[in-house]
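Input: a single structure, listed below in structure tokens.
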Amino acid sequence: MISTLKQSIRQYKKFSLLSPLLVTGEVVIEMLIPYFVGNLIDQGINRGNMTLIWRLGGMLFGLTLVSLALGMGASYVSAHAAAGVAANLRHDMFYHTQDYAFENIDKFSSASLVTRMTTDVTNVQMSYQMLIRIAVRAPMMLLVSIVMSVMVSPQLSLVFVVIAPIFAVVLVSIIRAAFPIFPRIFKGYDRLNQVVRENIRGIREVKTYVQEQSQNLAFNKAAQFIYRLFVKAMKIIALNSLAVMAVLNISNLLICWFGAKMVVGGGLQAGQLIAMFSYSNSVLFSLNILAMISVQMIMATSSGKRIAAVIDEQPAIKNPIKPVTTLNNGDILFDHVNFKYRSNGDCQALSDINLHIKSGETIGIVGETGASKSTLVSLIPRLYDVTTGAVRVAGHNVRSYDLKTLRDNVAVVLQNNVLFSGTVKSNLRWGNQTATDEELVAAAKTAHADDFIRELPAGYDTPIEQGGNNVSGGQKQRLTIARALLKKPKIIILDDATSAVDTSTEQAIRVALRRDLPTTTKLIISQRIASVKDADRIIVMNHGRIEDVGTHQELIERNDLYRTINQFQAESR
């Protein structure tokens with residue numbers, strides 16, 4: 001974990017090293033002040049030596065100013081370094097997730113990734129700032145205070161030798177009791193984040209089905225889980241304060257008792273006793289700070305492991321060493337393909353798929369829900385990799401292609417595609433950032449989106465709300481089809497991409513695709529037979545296998561499943 005996280009320090013190494021140096025200087029000066037105060041009392045005030053009082057007073061004033069400057073400098077550089085490291089961690093996680101395959105994304109929930117990039121990084125940021133400043137200050141203060149107390153009175157300093165180990169044992173016991181709770185707390189944050197995200201994204205469904213109460217119950221359950229664990233952890237950690245106060249009071253009592261005897265006996269001066277009280281408070285204060293740091297480090301360790309898990313996760317799909325960077329046509333071959341979503345699982349999503357699709361063909365894919373239709377086409381752009389067998393496009397195994405080359409030439413339009421905040425024009429240009437306005441219009445016309453776009457308040461410059469909530473489902477689907485067409489792909493996959501479009505518009509889109517993309521291979525997944533009946537060939541999927549391939553009429557004559565689906569839909573109309 002540490003080796004992973006430290007790579008995000010990068011340009012903030014100088015600040016990270018400068019902060020401990022400034023803190024060390026600040027602590028040394030602070031610990032000299034009680035020593036000189038004791039001398040001022042004993043040698044100056046008690047003896048009426050004004051010259052010494054002025055000299056030591058000026059020295060103390062100067063030391064205070066220097067200590068203040070060093071402290072301010074340490075605060076600035078530590079805050080700057082910690083904020084920079086946090087920014088790098090978020091950058092590293094976000095950029096790394098962009099290389100994830102769907103298999104990797106399935107491993108981490110979206111809610112968990114958001115929590116790791118926000119709450120977990122904040123915990124690490126706070127801890128890192130402590131680590132390079134307070135975590136240096138506390139042990140330095142402890143060490144220097146003990147050294148100075150030995151210089152003032154070796155006998156009284158034995159109090160710390162007895163008290164400090166006892167406190168250390170108590171502190172370690174508290175940390176060991178609290179540590180296992182925090183990983184569970186962060187999993188609770190993941191669940192809470194998931195509930196909130198689902199509620200906000202599905203607010204229309206929540207309102208439509210009057211599920212506000214059940215959503216409130218789910219939120220309260222997640223929030224109460226975190227609350228109970230935090231209370232449990234804080235009860236244990238609160239023992240730190242009790243231990244510190246007990247040790248502080250005991251040490252002060254011991255110093256008072258033995259110190260008073262030594263002052264009366266002439267073995268110690270009053271100023272030295274006052275200095276010992278200062279060092280006693282410094283020792284116990286530093287122990288208290290170490291206890292606080294330990295609590296933060298417990299949280300940071302749990303957060304750090306979660307962050308490191310994201311950064312260390314190896315993408316399941318990578319570019320080959322010497323990739324193929326040209327894709328000449330839309331010819332597709334499935335060669336004895338088998339696929340499992342989990343390599344160690346028993347369930348086969350696809351079994352022994354053998355299929356050849358010629359470039360420029362229009363292929364329909366039908367089957368009952370769960371027949372693995374979407375799984376089949378997801379192997380073409382390498383959203384997943386086959387378990388065994390091979391998928392070849394234009395004569396090359398898809399594993400041999402440069403990923404950008406492959407995915408630029410294989411456009412996928414899903415049933416529930418996402419539009420992003422911006423304008424209609426900026427959303428369309430996701431397909432091609434350099435597309436001209438004329439190309440945008442041409443793609444929109446093929447997708448039969450141009451007419452409704454021009455009716456929008458600002459046409460192609462109309463703002464799109466987050467998720468495309470200000471356009472209808474059918475309009476959103478036509479926009480995403482136009483976006484895919486701008487890639488000028490060799491293969492286009494429409495995965496139930498016209499389910500929200502009326503039948504006449506859907507028919508017009510199919511005709512336009514045939515007319516405008518004659519050499520592009522078109523794969524159309526649909527629940528409606530009417531959407532694929534004009535295809536060159538239709539694939540019938542059943543439980544992860546290809547049951548039959550043929551034209552509409554051929555399948556009507558020989559395939560029971562296809563004939564049943566067609567008959568049921570005809571009767572429904």
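Residue numbers start at 1 in each chain; chains themselves are named A, B, ... in the order of the structure tokens; ligands are numbered from 1 in the order shown.
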(message) I want to know what sits within 12 Å of Ala500 (chain A), based on only C-alpha atoms, with residues of the same chain fewer than 5 positions away left out; could you give that as number ranges by chain?
(response) A: 414-417, 472-478, 505-506, 526-528
(request) Do a neighbour search on Gly360 (chain A) at 8 Å with only C-alpha atoms, toss out local chain neighbours closer than 4 positions, and write the hits as a PyMOL selection string. (result) chain A and resi 330-331+518-522
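Candidate residues A:Ala371, A:Ala484, A:Leu143, A:Ala308 were compared for distance to Ser3 (chain A), and the nearest is A:Ala308, using only C-alpha atoms.
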(message) Need to verify the contact set: Gln466 (chain A), 8 Å, only C-alpha atoms, exclusion of same-chain residues closer than 4 positions in sequence. Can you return it as number ranges by chain?
(response) A: 419-421
(message) So, with only C-alpha atoms as the atoms that count, which of A:Gln272, A:Thr423, A:Ser16, A:Asn216 lies closest to Asn39 (chain A)?
(response) A:Gln272
(request) Would you please extract all helix (DSSP H, G or I) residues from region 262-480 of chain A, as assigned by DSSP on the backbone, and give them as a count of residues only? (result) 98
